[in-house]
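A.B. asks: As input, take structure_39.cif (mmCIF, C-alpha atoms):
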data_target
loop_
_atom_site.label_atom_id
_atom_site.label_comp_id
_atom_site.auth_asym_id
_atom_site.auth_seq_id
_atom_site.Cartn_x
_atom_site.Cartn_y
_atom_site.Cartn_z
CA MET A 1 -61.96 -178.52 127.79
CA LEU A 2 -58.79 -176.55 128.55
CA ILE A 3 -59.87 -173.30 126.89
CA PRO A 4 -63.28 -173.06 128.64
CA PHE A 5 -61.55 -173.91 131.91
CA LEU A 6 -59.00 -171.13 131.45
CA ILE A 7 -61.49 -168.40 130.51
CA PRO A 8 -62.81 -167.87 134.08
CA PHE A 9 -59.23 -167.71 135.36
CA VAL A 10 -58.32 -165.03 132.82
CA ILE A 11 -61.39 -163.02 133.81
CA ALA A 12 -60.51 -163.55 137.50
CA ILE A 13 -57.05 -162.09 136.89
CA PHE A 14 -58.66 -159.08 135.17
CA LEU A 15 -61.03 -158.73 138.13
CA SER A 16 -58.14 -159.01 140.61
CA VAL A 17 -56.30 -156.22 138.83
CA ASN A 18 -59.37 -154.02 139.33
CA MET A 19 -59.72 -155.13 142.95
CA GLY A 20 -56.10 -154.25 143.54
CA GLY A 21 -56.73 -150.75 142.26
CA SER A 22 -59.86 -150.33 144.35
CA GLY A 23 -58.26 -151.71 147.52
CA THR A 24 -55.11 -149.59 147.42
CA GLY A 25 -56.87 -146.48 148.68
CA PRO A 26 -58.35 -147.96 151.85
CA ALA A 27 -55.12 -149.78 152.63
CA PHE A 28 -52.55 -147.03 152.14
CA SER A 29 -54.46 -143.74 151.93
CA ALA A 30 -53.83 -143.11 155.61
CA ALA A 31 -50.08 -143.60 155.30
CA TYR A 32 -49.92 -141.77 151.98
CA GLY A 33 -52.14 -138.96 153.22
CA SER A 34 -49.89 -138.41 156.22
CA ASN A 35 -46.75 -138.50 154.02
CA VAL A 36 -44.90 -141.38 155.68
CA ILE A 37 -44.53 -143.78 152.75
CA LYS A 38 -43.33 -143.42 149.17
CA LYS A 39 -45.96 -144.07 146.55
CA SER A 40 -43.60 -146.32 144.60
CA LEU A 41 -43.39 -148.79 147.50
CA ILE A 42 -47.14 -149.21 147.90
CA PRO A 43 -48.00 -151.78 145.15
CA GLY A 44 -45.38 -154.31 146.26
CA LEU A 45 -46.19 -154.08 149.97
CA PHE A 46 -49.91 -154.15 149.22
CA GLY A 47 -49.68 -157.28 147.04
CA LEU A 48 -47.52 -159.16 149.55
CA MET A 49 -49.86 -158.54 152.48
CA VAL A 50 -53.00 -159.28 150.43
CA PHE A 51 -51.54 -162.64 149.44
CA THR A 52 -50.61 -163.45 153.05
CA GLY A 53 -54.05 -162.52 154.32
CA ALA A 54 -55.77 -164.65 151.69
CA ILE A 55 -53.74 -167.74 152.54
CA VAL A 56 -54.00 -167.31 156.31
CA GLY A 57 -57.61 -166.20 156.77
CA GLY A 58 -59.52 -166.21 153.49
CA GLU A 59 -61.20 -169.61 153.66
CA GLU A 60 -64.51 -168.66 155.29
CA THR A 61 -65.20 -165.72 152.99
CA ALA A 62 -64.31 -167.83 149.95
CA LYS A 63 -66.85 -170.42 151.08
CA THR A 64 -69.52 -167.73 151.42
CA ILE A 65 -68.94 -166.43 147.89
CA GLY A 66 -68.32 -169.86 146.32
CA LYS A 67 -70.93 -171.94 148.14
CA GLY A 68 -72.97 -169.81 150.56
CA LEU A 69 -75.29 -167.91 148.20
CA LEU A 70 -75.57 -170.14 145.14
CA ASP A 71 -75.58 -173.94 145.02
CA PRO A 72 -71.91 -174.77 144.27
CA GLN A 73 -73.04 -177.41 141.77
CA LEU A 74 -74.27 -174.52 139.58
CA MET A 75 -70.79 -172.95 139.44
CA SER A 76 -69.95 -174.01 135.88
CA PHE A 77 -67.49 -172.43 133.42
CA SER A 78 -70.13 -170.18 131.93
CA VAL A 79 -71.80 -169.12 135.19
CA VAL A 80 -68.52 -168.26 136.90
CA SER A 81 -67.32 -166.37 133.82
CA ALA A 82 -70.52 -164.31 133.79
CA ILE A 83 -70.22 -163.52 137.51
CA LEU A 84 -66.58 -162.48 137.40
CA LEU A 85 -66.92 -160.46 134.20
CA ALA A 86 -69.88 -158.53 135.60
CA VAL A 87 -67.93 -157.63 138.74
CA ALA A 88 -64.83 -156.69 136.75
CA VAL A 89 -66.74 -154.32 134.46
CA SER A 90 -68.51 -152.56 137.35
CA LEU A 91 -65.23 -152.12 139.23
CA LEU A 92 -63.44 -150.91 136.12
CA ILE A 93 -66.02 -148.14 135.81
CA ALA A 94 -65.45 -147.10 139.43
CA ASN A 95 -61.66 -147.23 139.02
CA LEU A 96 -61.79 -145.05 135.91
CA PHE A 97 -63.66 -142.46 137.99
CA GLY A 98 -60.98 -142.83 140.68
CA ILE A 99 -63.48 -143.87 143.34
CA PRO A 100 -62.66 -146.79 145.67
CA GLN A 101 -65.46 -149.33 145.29
CA SER A 102 -66.71 -152.29 147.27
CA THR A 103 -65.58 -155.42 145.46
CA SER A 104 -67.42 -157.53 148.00
CA GLN A 105 -70.78 -155.86 147.43
CA SER A 106 -70.40 -156.01 143.66
CA THR A 107 -69.43 -159.70 143.84
CA VAL A 108 -72.28 -160.64 146.15
CA MET A 109 -74.76 -158.96 143.82
CA ALA A 110 -73.19 -160.65 140.79
CA VAL A 111 -73.57 -164.06 142.47
CA THR A 112 -77.11 -163.20 143.58
CA ALA A 113 -78.22 -162.65 139.97
CA PRO A 114 -77.72 -166.27 138.75
CA ALA A 115 -78.92 -167.54 142.13
CA ILE A 116 -82.23 -165.77 141.54
CA TYR A 117 -82.30 -166.80 137.88
CA PHE A 118 -81.90 -170.48 138.77
CA ASN A 119 -84.12 -170.17 141.86
CA SER A 120 -81.24 -171.24 144.12
CA LEU A 121 -80.61 -168.18 146.30
CA ASN A 122 -79.78 -168.74 149.97
CA THR A 123 -81.99 -165.90 151.18
CA ASP A 124 -81.19 -166.44 154.87
CA LYS A 125 -77.48 -165.90 154.26
CA LEU A 126 -78.09 -162.81 152.14
CA LEU A 127 -80.87 -161.13 154.11
CA PHE A 128 -79.95 -161.98 157.68
CA GLU A 129 -76.16 -162.10 157.63
CA ILE A 130 -74.64 -160.24 154.68
CA LEU A 131 -76.96 -157.25 154.19
CA PRO A 132 -77.18 -156.32 157.90
CA THR A 133 -73.38 -156.44 158.10
CA TRP A 134 -73.11 -154.04 155.16
CA PHE A 135 -75.28 -151.47 156.90
CA ILE A 136 -74.03 -151.89 160.45
CA MET A 137 -70.25 -152.09 159.94
CA PRO A 138 -69.72 -148.60 158.37
CA ILE A 139 -71.85 -147.08 161.11
CA VAL A 140 -69.74 -148.84 163.73
CA ALA A 141 -66.57 -147.57 161.99
CA PHE A 142 -67.95 -144.03 162.01
CA ALA A 143 -69.07 -144.26 165.63
CA LEU A 144 -65.75 -145.66 166.88
CA ALA A 145 -63.72 -143.08 164.97
CA PHE A 146 -65.98 -140.25 166.11
CA PHE A 147 -65.83 -141.38 169.75
CA ILE A 148 -62.05 -141.75 169.69
CA GLY A 149 -61.67 -138.48 167.80
CA LYS A 150 -63.90 -136.46 170.09
CA TYR A 151 -63.17 -137.91 173.51
CA ILE A 152 -59.60 -139.20 173.21
CA TYR A 153 -57.88 -137.54 170.25
CA LYS A 154 -59.19 -133.98 170.71
CA PRO A 155 -58.20 -133.71 174.39
CA ILE A 156 -54.73 -134.96 173.48
CA ARG A 157 -54.63 -132.49 170.62
CA LYS A 158 -55.58 -129.58 172.88
CA ARG A 159 -52.55 -130.36 175.00
CA GLY A 160 -50.36 -130.01 171.93
CA TYR A 161 -49.14 -133.60 171.66
CA THR A 162 -50.49 -134.19 168.15
CA ILE A 163 -48.83 -131.09 166.70
CA SER A 164 -45.55 -131.73 168.45
CA LYS A 165 -42.82 -132.01 165.83
CA LYS A 166 -40.96 -134.45 168.03
CA VAL A 167 -43.97 -136.79 168.23
CA ASN A 168 -44.99 -136.52 164.57
CA ASP A 169 -41.48 -137.01 163.24
CA SER A 170 -40.66 -139.90 165.53
CA TYR A 171 -39.73 -143.16 163.82
CA LEU A 172 -42.01 -144.99 166.24
CA LEU A 173 -45.12 -143.20 164.99
CA LYS A 174 -44.09 -143.46 161.33
CA GLY A 175 -43.46 -147.17 161.75
CA LEU A 176 -46.82 -147.62 163.45
CA ILE A 177 -48.60 -145.98 160.53
CA VAL A 178 -46.89 -148.27 158.03
CA ILE A 179 -47.70 -151.31 160.18
CA MET A 180 -51.36 -150.26 160.26
CA SER A 181 -51.39 -149.95 156.46
CA LEU A 182 -49.95 -153.45 156.15
CA TYR A 183 -52.57 -154.63 158.61
CA VAL A 184 -55.31 -153.18 156.38
CA ALA A 185 -53.84 -154.91 153.32
CA PHE A 186 -53.71 -158.19 155.24
CA SER A 187 -57.39 -157.77 156.14
CA ILE A 188 -58.22 -157.13 152.48
CA GLY A 189 -56.56 -160.45 151.68
CA THR A 190 -58.79 -162.29 154.14
CA ASN A 191 -61.90 -160.84 152.51
CA ASN A 192 -61.53 -159.54 148.96
CA VAL A 193 -59.41 -162.26 147.34
CA ALA A 194 -62.33 -164.59 148.02
CA ASN A 195 -64.43 -162.60 145.54
CA ALA A 196 -62.49 -164.24 142.72
CA ALA A 197 -61.06 -167.33 144.43
CA GLY A 198 -64.43 -168.50 145.84
CA PRO A 199 -66.28 -168.97 142.53
CA LEU A 200 -63.13 -170.34 140.86
CA SER A 201 -62.71 -172.94 143.59
CA SER A 202 -66.29 -174.20 143.34
CA MET A 203 -66.01 -174.33 139.56
CA ALA A 204 -62.71 -176.23 139.69
CA CYS A 205 -64.17 -178.77 142.13
CA ASN A 206 -67.13 -179.34 139.81
CA GLU A 207 -65.31 -179.48 136.50
CA LEU A 208 -62.36 -181.53 137.74
CA MET A 209 -64.68 -183.74 139.80
CA VAL A 210 -62.83 -182.97 143.01
CA SER A 211 -64.68 -183.54 146.28
CA GLN A 212 -65.96 -180.41 148.00
CA ASN A 213 -64.11 -181.75 151.06
CA ARG A 214 -60.93 -180.64 149.29
CA TYR A 215 -62.27 -177.12 148.78
CA LEU A 216 -59.52 -175.56 150.92
CA GLN A 217 -56.72 -177.06 148.84
CA VAL A 218 -58.37 -175.92 145.61
CA MET A 219 -58.95 -172.45 147.08
CA ILE A 220 -55.25 -172.12 147.95
CA LEU A 221 -54.32 -172.93 144.35
CA ALA A 222 -56.84 -170.38 143.06
CA THR A 223 -55.43 -167.81 145.49
CA LEU A 224 -51.92 -168.38 144.14
CA ILE A 225 -53.24 -167.28 140.74
CA VAL A 226 -55.51 -164.45 141.88
CA ALA A 227 -53.66 -162.66 144.70
CA PRO A 228 -50.51 -161.50 142.81
CA SER A 229 -52.73 -159.58 140.38
CA PHE A 230 -53.74 -157.23 143.21
CA SER A 231 -50.28 -155.70 143.10
CA ILE A 232 -50.59 -155.09 139.35
CA GLY A 233 -53.92 -153.34 139.85
CA SER A 234 -52.42 -151.21 142.57
CA SER A 235 -49.74 -150.03 140.15
CA ILE A 236 -52.24 -149.22 137.39
CA PHE A 237 -55.15 -147.66 139.26
CA GLY A 238 -53.78 -146.87 142.72
CA ASP A 239 -52.47 -143.38 142.04
CA LYS A 240 -55.79 -141.65 141.38
CA ILE A 241 -57.56 -143.48 144.19
CA LEU A 242 -54.79 -142.62 146.65
CA GLN A 243 -55.22 -138.97 145.72
CA ASN A 244 -58.98 -139.10 146.27
CA THR A 245 -58.97 -140.91 149.60
CA GLY A 246 -55.61 -139.81 150.95
CA LYS A 247 -55.54 -136.12 150.10
CA GLU A 248 -58.99 -134.90 149.15
CA ILE A 249 -61.25 -136.20 151.93
CA VAL A 250 -59.47 -134.78 154.95
CA LEU A 251 -55.98 -133.68 155.88
CA PHE A 252 -54.71 -136.46 158.10
CA GLY A 253 -52.61 -136.10 161.16
CA ARG A 254 -50.35 -139.06 161.71
CA ILE A 255 -52.09 -140.18 164.89
CA GLU A 256 -55.41 -139.96 163.05
CA ALA A 257 -53.99 -142.18 160.33
CA VAL A 258 -53.30 -144.93 162.86
CA ILE A 259 -56.83 -144.66 164.27
CA ILE A 260 -58.46 -144.86 160.81
CA ALA A 261 -56.40 -147.83 159.68
CA PHE A 262 -56.81 -149.80 162.91
CA ILE A 263 -60.59 -149.39 163.06
CA SER A 264 -61.29 -150.29 159.42
CA ALA A 265 -58.89 -153.24 159.31
CA SER A 266 -60.09 -154.71 162.61
CA LEU A 267 -63.74 -154.58 161.59
CA LEU A 268 -63.02 -156.18 158.21
CA LEU A 269 -60.86 -158.89 159.75
CA SER A 270 -63.56 -159.72 162.29
CA ALA A 271 -66.16 -160.03 159.51
CA SER A 272 -63.83 -162.37 157.61
CA LEU A 273 -62.81 -164.65 160.45
CA ILE A 274 -65.98 -164.81 162.54
CA LYS A 275 -68.68 -165.23 159.89
CA GLY A 276 -66.92 -165.14 156.52
CA ILE A 277 -69.01 -162.14 155.45
CA PRO A 278 -67.84 -160.34 152.29
CA THR A 279 -67.65 -156.77 153.54
CA SER A 280 -66.77 -153.39 152.06
CA LEU A 281 -63.43 -152.16 153.36
CA VAL A 282 -63.69 -148.93 151.38
CA GLN A 283 -66.90 -148.09 153.21
CA LEU A 284 -65.39 -148.98 156.59
CA ASN A 285 -62.38 -146.85 155.75
CA VAL A 286 -64.38 -143.85 154.59
CA GLY A 287 -66.72 -144.27 157.58
CA ALA A 288 -63.73 -144.00 159.92
CA ILE A 289 -62.32 -141.05 157.95
CA ILE A 290 -65.64 -139.20 158.16
CA GLY A 291 -65.90 -140.01 161.88
CA ILE A 292 -62.53 -138.41 162.53
CA GLY A 293 -63.37 -135.54 160.19
CA VAL A 294 -66.68 -134.82 161.90
CA ALA A 295 -65.00 -134.89 165.30
CA LYS A 296 -62.54 -132.26 164.02
CA LEU A 297 -64.67 -130.13 161.68
CA GLY A 298 -68.34 -130.93 162.39
CA PHE A 299 -70.95 -132.55 160.13
CA ARG A 300 -71.59 -129.55 157.92
CA ASN A 301 -67.95 -128.85 157.12
CA ILE A 302 -66.89 -132.42 156.39
CA PHE A 303 -69.61 -132.86 153.76
CA ARG A 304 -69.23 -129.36 152.34
CA LYS A 305 -65.47 -129.48 151.94
CA THR A 306 -65.14 -133.00 150.52
CA GLU A 307 -66.44 -135.17 147.68
CA VAL A 308 -68.00 -137.78 149.94
CA ASP A 309 -71.38 -137.44 148.19
CA ARG A 310 -69.76 -138.63 144.93
CA PHE A 311 -68.54 -141.74 146.75
CA PHE A 312 -72.04 -142.56 148.00
CA VAL A 313 -73.52 -142.34 144.49
CA MET A 314 -70.93 -144.76 143.06
CA TRP A 315 -71.41 -147.16 145.98
CA ILE A 316 -75.07 -147.47 144.98
CA ILE A 317 -74.48 -147.66 141.24
CA ALA A 318 -71.64 -150.20 141.03
CA PRO A 319 -73.41 -153.15 142.78
CA MET A 320 -76.53 -152.48 140.71
CA VAL A 321 -74.45 -152.50 137.51
CA SER A 322 -72.78 -155.72 138.64
CA PHE A 323 -76.14 -157.39 139.33
CA GLY A 324 -77.64 -156.21 136.04
CA LEU A 325 -74.69 -157.31 133.94
CA SER A 326 -74.49 -160.69 135.64
CA LEU A 327 -78.19 -161.32 135.06
CA LEU A 328 -77.88 -160.21 131.44
CA PHE A 329 -74.85 -162.45 130.80
CA ILE A 330 -76.56 -165.46 132.38
CA TYR A 331 -79.71 -164.88 130.32
CA LEU A 332 -77.75 -164.56 127.07
CA LEU A 333 -75.68 -167.65 127.81
CA ASP A 334 -78.83 -169.58 128.67
CA ILE A 335 -80.74 -168.73 125.49
CA MET A 336 -77.60 -169.53 123.48
CA GLY A 337 -77.50 -172.96 125.12
CA LEU A 338 -74.07 -172.39 126.66
CA ILE A 339 -75.08 -173.17 130.24
CA ASP A 340 -74.78 -176.88 130.90
CA LEU A 341 -76.27 -177.67 134.32
#
Once you've parsed the file, please lay out its structure as structure tokens.
C.D. replies:
Amino acid sequence: MLIPFLIPFVIAIFLSVNMGGSGTGPAFSAAYGSNVIKKSLIPGLFGLMVFTGAIVGGEETAKTIGKGLLDPQLMSFSVVSAILLAVAVSLLIANLFGIPQSTSQSTVMAVTAPAIYFNSLNTDKLLFEILPTWFIMPIVAFALAFFIGKYIYKPIRKRGYTISKKVNDSYLLKGLIVIMSLYVAFSIGTNNVANAAGPLSSMACNELMVSQNRYLQVMILATLIVAPSFSIGSSIFGDKILQNTGKEIVLFGRIEAVIIAFISASLLLSASLIKGIPTSLVQLNVGAIIGIGVAKLGFRNIFRKTEVDRFFVMWIIAPMVSFGLSLLFIYLLDIMGLIDL
């Protein structure tokens, strides 16, 4: 029993490494892009805040992934292994291309596949809570960033405050940027750690015959295994993703960096705490970046001068790959008689 029980945890660690790489860009691209933090410090700070966020505010999102879409009684060794492996492979592809990807969307689609296969999908949760949030949140991030950029930031900029050397080099502003990056990482912890910890927790409750009433305690133990791997992933994959999101999309001013980080983190945190909705931070982050960029450069220039279109393509492909792989793995395991439900 021990080896089958450990397999999903090993896959979850592999997945968490990939999530750490994918999440580094949205968390620290603003600080890195505005040159106020050393790249070598990012993995450690990122991992610490992700862990804290998962412990403090990750319960609701873990419940959504672990119990909200698929009957938790179906979360066996084999099913959870198939889900986590499918997500890990799709995210690995995105990381190798250096494109920050939505772990949450890939995970939701990977869980949806066996839910459909076993005719156990909670369609209300998926269609009326999760999917609308995915579409609305990035638009809100864009709109908030555009409004702040056009009607608050630009007037301040015209008066010369944003280009003032005294303002930009002040320790207060630099500290605020770092705090915002830590805030983003904390928000990631409340949302993305659940992508691995949620299925693991339901599986552990089933296989160890622990009451679902003790789900929180089991989730905390799963988090203690999963969360530290985010820092490892940040070290391995973070460099290329930081370059793409921090340097290539738009040249940040330091005040802009604070705006981008605050908007994306606040929206993600609200999705985690209010409804426990697995949400794409990378899309919130890029939505805010584009909003600021459009306010500065206009629609035509921001899309002509950046590689945003490449991001959109990968955002469509990765969840589809995750769904397809998960469905394929479940089918193969089923015909091999390895799914015991």
A.B. asks: Just checking: using all atoms listed in the file, which residue out of A:Ser270, A:Gly68, A:Ser76, A:Phe146 ends up closest to Lys125 (chain A)?
C.D. replies: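 Distance minimum relative to Lys125 (chain A) lands on A:Gly68.
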A.B. asks: Please provide as a PyMOL selection string all residues within 9 Å of Leu126 (chain A), with the sequence filter that same-chain residues fewer than 6 positions apart are discarded (counting all atoms listed in the file).
C.D. replies: chain A and resi 68-69+108+112+132
A.B. asks: Out of A:Ser120, A:Thr133, A:Gln73, A:Thr223, which residue has the shortest atom-to-atom distance to Met209 (chain A) when counting all atoms listed in the file?
C.D. replies: A:Gln73
A.B. asks: Just the residues within 9 Å of Ala31 (chain A), please, counting only C-alpha atoms, with nothing from its chain fewer than 5 positions along; format it as a short mmCIF file (atom, residue, chain, number, x, y, z; two decimals) with C-alpha atoms, keeping the file's coordinate frame.
C.D. replies:
data_model
loop_
_atom_site.label_atom_id
_atom_site.label_comp_id
_atom_site.auth_asym_id
_atom_site.auth_seq_id
_atom_site.Cartn_x
_atom_site.Cartn_y
_atom_site.Cartn_z
CA VAL A 36 -44.90 -141.38 155.68
CA ILE A 37 -44.53 -143.78 152.75
CA LYS A 174 -44.09 -143.46 161.33
CA ILE A 177 -48.60 -145.98 160.53
CA VAL A 178 -46.89 -148.27 158.03
CA MET A 180 -51.36 -150.26 160.26
CA SER A 181 -51.39 -149.95 156.46
CA GLY A 246 -55.61 -139.81 150.95
CA PHE A 252 -54.71 -136.46 158.10
CA ARG A 254 -50.35 -139.06 161.71
CA ALA A 257 -53.99 -142.18 160.33
CA VAL A 258 -53.30 -144.93 162.86
CA ALA A 261 -56.40 -147.83 159.68
#
A.B. asks: Once you count only C-alpha atoms, which residues end up no further than 12 Å from (-76.9, -164.0, 158.2) in the file's frame, shown as a PyMOL selection string?
C.D. replies: chain A and resi 64+68-69+122-134+271+274-278
A.B. asks: Output the selection as a PDB file, keeping the file's coordinate frame - C-alpha atoms for each residue.
C.D. replies:
ATOM      1  CA  THR A  64     -69.520-167.730 151.420  1.00  0.00           C
ATOM      2  CA  GLY A  68     -72.970-169.810 150.560  1.00  0.00           C
ATOM      3  CA  LEU A  69     -75.290-167.910 148.200  1.00  0.00           C
ATOM      4  CA  ASN A 122     -79.780-168.740 149.970  1.00  0.00           C
ATOM      5  CA  THR A 123     -81.990-165.900 151.180  1.00  0.00           C
ATOM      6  CA  ASP A 124     -81.190-166.440 154.870  1.00  0.00           C
ATOM      7  CA  LYS A 125     -77.480-165.900 154.260  1.00  0.00           C
ATOM      8  CA  LEU A 126     -78.090-162.810 152.140  1.00  0.00           C
ATOM      9  CA  LEU A 127     -80.870-161.130 154.110  1.00  0.00           C
ATOM     10  CA  PHE A 128     -79.950-161.980 157.680  1.00  0.00           C
ATOM     11  CA  GLU A 129     -76.160-162.100 157.630  1.00  0.00           C
ATOM     12  CA  ILE A 130     -74.640-160.240 154.680  1.00  0.00           C
ATOM     13  CA  LEU A 131     -76.960-157.250 154.190  1.00  0.00           C
ATOM     14  CA  PRO A 132     -77.180-156.320 157.900  1.00  0.00           C
ATOM     15  CA  THR A 133     -73.380-156.440 158.100  1.00  0.00           C
ATOM     16  CA  TRP A 134     -73.110-154.040 155.160  1.00  0.00           C
ATOM     17  CA  ALA A 271     -66.160-160.030 159.510  1.00  0.00           C
ATOM     18  CA  ILE A 274     -65.980-164.810 162.540  1.00  0.00           C
ATOM     19  CA  LYS A 275     -68.680-165.230 159.890  1.00  0.00           C
ATOM     20  CA  GLY A 276     -66.920-165.140 156.520  1.00  0.00           C
ATOM     21  CA  ILE A 277     -69.010-162.140 155.450  1.00  0.00           C
ATOM     22  CA  PRO A 278     -67.840-160.340 152.290  1.00  0.00           C
TER      23      PRO A 278
END
A.B. asks: Quick one: residues within 9 Å of Lys150 (chain A), only C-alpha atoms counted, chain neighbours fewer than 6 positions away excluded, as a PyMOL selection string?
C.D. replies: chain A and resi 292+294-296
A.B. asks: Compare A:Ala196, A:Ala27, A:Val286, A:Met336 by their minimum atom-to-atom distance to Val226 (chain A), counting all atoms listed in the file, and give me the closest one.
C.D. replies: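 That would be A:Ala196, the residue with the smallest distance to Val226 (chain A).
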A.B. asks: Using all atoms listed in the file, can you tell me which of A:Leu74, A:Ala318, A:Leu96, A:Val282 comes closest to Ala204 (chain A)?
C.D. replies: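 Among the listed residues, the smallest separation from Ala204 (chain A) belongs to A:Leu74.
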A.B. asks: Tell me which protein, DNA and RNA residues are within 7 Å of Gly198 (chain A), counting only C-alpha atoms, leaving out same-chain ones fewer than 3 positions away, and put them as a PDB file with C-alpha atoms, in the coordinates of the input.
C.D. replies:
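Okay, this is what ended up in selection31.pdb:
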ATOM      1  CA  ALA A  62     -64.310-167.830 149.950  1.00  0.00           C
ATOM      2  CA  LYS A  63     -66.850-170.420 151.080  1.00  0.00           C
ATOM      3  CA  ILE A  65     -68.940-166.430 147.890  1.00  0.00           C
ATOM      4  CA  GLY A  66     -68.320-169.860 146.320  1.00  0.00           C
ATOM      5  CA  ALA A 194     -62.330-164.590 148.020  1.00  0.00           C
ATOM      6  CA  ASN A 195     -64.430-162.600 145.540  1.00  0.00           C
ATOM      7  CA  SER A 201     -62.710-172.940 143.590  1.00  0.00           C
ATOM      8  CA  SER A 202     -66.290-174.200 143.340  1.00  0.00           C
ATOM      9  CA  MET A 219     -58.950-172.450 147.080  1.00  0.00           C
TER      10      MET A 219
END
A.B. asks: In Å, rounded to a single decimal, give me how far CA of Leu325 (chain A) is from CA of Pro8 (chain A).
C.D. replies: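 Distance reported for this atom pair: 15.9 Å.
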A.B. asks: Would you compute the distance between CA of Gly233 (chain A) and CA of Ser280 (chain A)? Give it in Å to one decimal.
C.D. replies: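 Calculated distance between CA of Gly233 (chain A) and CA of Ser280 (chain A) is 17.7 Å.
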A.B. asks: Record the distance separating CA of Ile225 (chain A) and CA of Phe51 (chain A), expressed in Å with one decimal.
C.D. replies: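 Here the two named atoms are 10.0 Å from each other.
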A.B. asks: Which polymer residues, protein or nucleic acid, are no farther than 10 Å from (-70.5, -160.2, 137.3), counting only C-alpha atoms, as a ChimeraX atom specification?
C.D. replies: /A:15,79-91,106-114,319,321-330
A.B. asks: Please write as a ChimeraX atom specification the full residue list that the PyMOL selection byres ((chain A and resi 145) around 9) yields on this file.
C.D. replies: /A:140-144,146-150,259-260,263,287-293,295
A.B. asks: Dump C-alpha atoms for the selected residues as a JSON list (two decimals), in the frame of the given file?
C.D. replies:
[["chain", "number", "residue", "atom", "x", "y", "z"],
["A", 140, "VAL", "CA", -69.74, -148.84, 163.73],
["A", 141, "ALA", "CA", -66.57, -147.57, 161.99],
["A", 142, "PHE", "CA", -67.95, -144.03, 162.01],
["A", 143, "ALA", "CA", -69.07, -144.26, 165.63],
["A", 144, "LEU", "CA", -65.75, -145.66, 166.88],
["A", 146, "PHE", "CA", -65.98, -140.25, 166.11],
["A", 147, "PHE", "CA", -65.83, -141.38, 169.75],
["A", 148, "ILE", "CA", -62.05, -141.75, 169.69],
["A", 149, "GLY", "CA", -61.67, -138.48, 167.80],
["A", 150, "LYS", "CA", -63.90, -136.46, 170.09],
["A", 259, "ILE", "CA", -56.83, -144.66, 164.27],
["A", 260, "ILE", "CA", -58.46, -144.86, 160.81],
["A", 263, "ILE", "CA", -60.59, -149.39, 163.06],
["A", 287, "GLY", "CA", -66.72, -144.27, 157.58],
["A", 288, "ALA", "CA", -63.73, -144.00, 159.92],
["A", 289, "ILE", "CA", -62.32, -141.05, 157.95],
["A", 290, "ILE", "CA", -65.64, -139.20, 158.16],
["A", 291, "GLY", "CA", -65.90, -140.01, 161.88],
["A", 292, "ILE", "CA", -62.53, -138.41, 162.53],
["A", 293, "GLY", "CA", -63.37, -135.54, 160.19],
["A", 295, "ALA", "CA", -65.00, -134.89, 165.30]]
A.B. asks: Find the residues near Asn18 (chain A): any atom within 9 Å, counting only C-alpha atoms, skip ones fewer than 4 places away on the same chain, and give them as a ChimeraX atom specification.
C.D. replies: /A:13-14,22-23,88-89,91-92,95,103,229-230,232-234,236-237
A.B. asks: To test your reading of the syntax: which residues would the PyMOL selection byres ((chain A and resi 182) around 12) return for the file shown? Reply as a tab-separated table (two decimals) with C-alpha atoms, keeping the file's coordinate frame.
C.D. replies:
chain	number	residue	atom	x	y	z
A	24	THR	CA	-55.11	-149.59	147.42
A	26	PRO	CA	-58.35	-147.96	151.85
A	27	ALA	CA	-55.12	-149.78	152.63
A	28	PHE	CA	-52.55	-147.03	152.14
A	29	SER	CA	-54.46	-143.74	151.93
A	30	ALA	CA	-53.83	-143.11	155.61
A	31	ALA	CA	-50.08	-143.60	155.30
A	37	ILE	CA	-44.53	-143.78	152.75
A	41	LEU	CA	-43.39	-148.79	147.50
A	42	ILE	CA	-47.14	-149.21	147.90
A	43	PRO	CA	-48.00	-151.78	145.15
A	44	GLY	CA	-45.38	-154.31	146.26
A	45	LEU	CA	-46.19	-154.08	149.97
A	46	PHE	CA	-49.91	-154.15	149.22
A	47	GLY	CA	-49.68	-157.28	147.04
A	48	LEU	CA	-47.52	-159.16	149.55
A	49	MET	CA	-49.86	-158.54	152.48
A	50	VAL	CA	-53.00	-159.28	150.43
A	51	PHE	CA	-51.54	-162.64	149.44
A	52	THR	CA	-50.61	-163.45	153.05
A	53	GLY	CA	-54.05	-162.52	154.32
A	175	GLY	CA	-43.46	-147.17	161.75
A	176	LEU	CA	-46.82	-147.62	163.45
A	177	ILE	CA	-48.60	-145.98	160.53
A	178	VAL	CA	-46.89	-148.27	158.03
A	179	ILE	CA	-47.70	-151.31	160.18
A	180	MET	CA	-51.36	-150.26	160.26
A	181	SER	CA	-51.39	-149.95	156.46
A	183	TYR	CA	-52.57	-154.63	158.61
A	184	VAL	CA	-55.31	-153.18	156.38
A	185	ALA	CA	-53.84	-154.91	153.32
A	186	PHE	CA	-53.71	-158.19	155.24
A	187	SER	CA	-57.39	-157.77	156.14
A	188	ILE	CA	-58.22	-157.13	152.48
A	189	GLY	CA	-56.56	-160.45	151.68
A	258	VAL	CA	-53.30	-144.93	162.86
A	261	ALA	CA	-56.40	-147.83	159.68
A	262	PHE	CA	-56.81	-149.80	162.91
A	265	ALA	CA	-58.89	-153.24	159.31
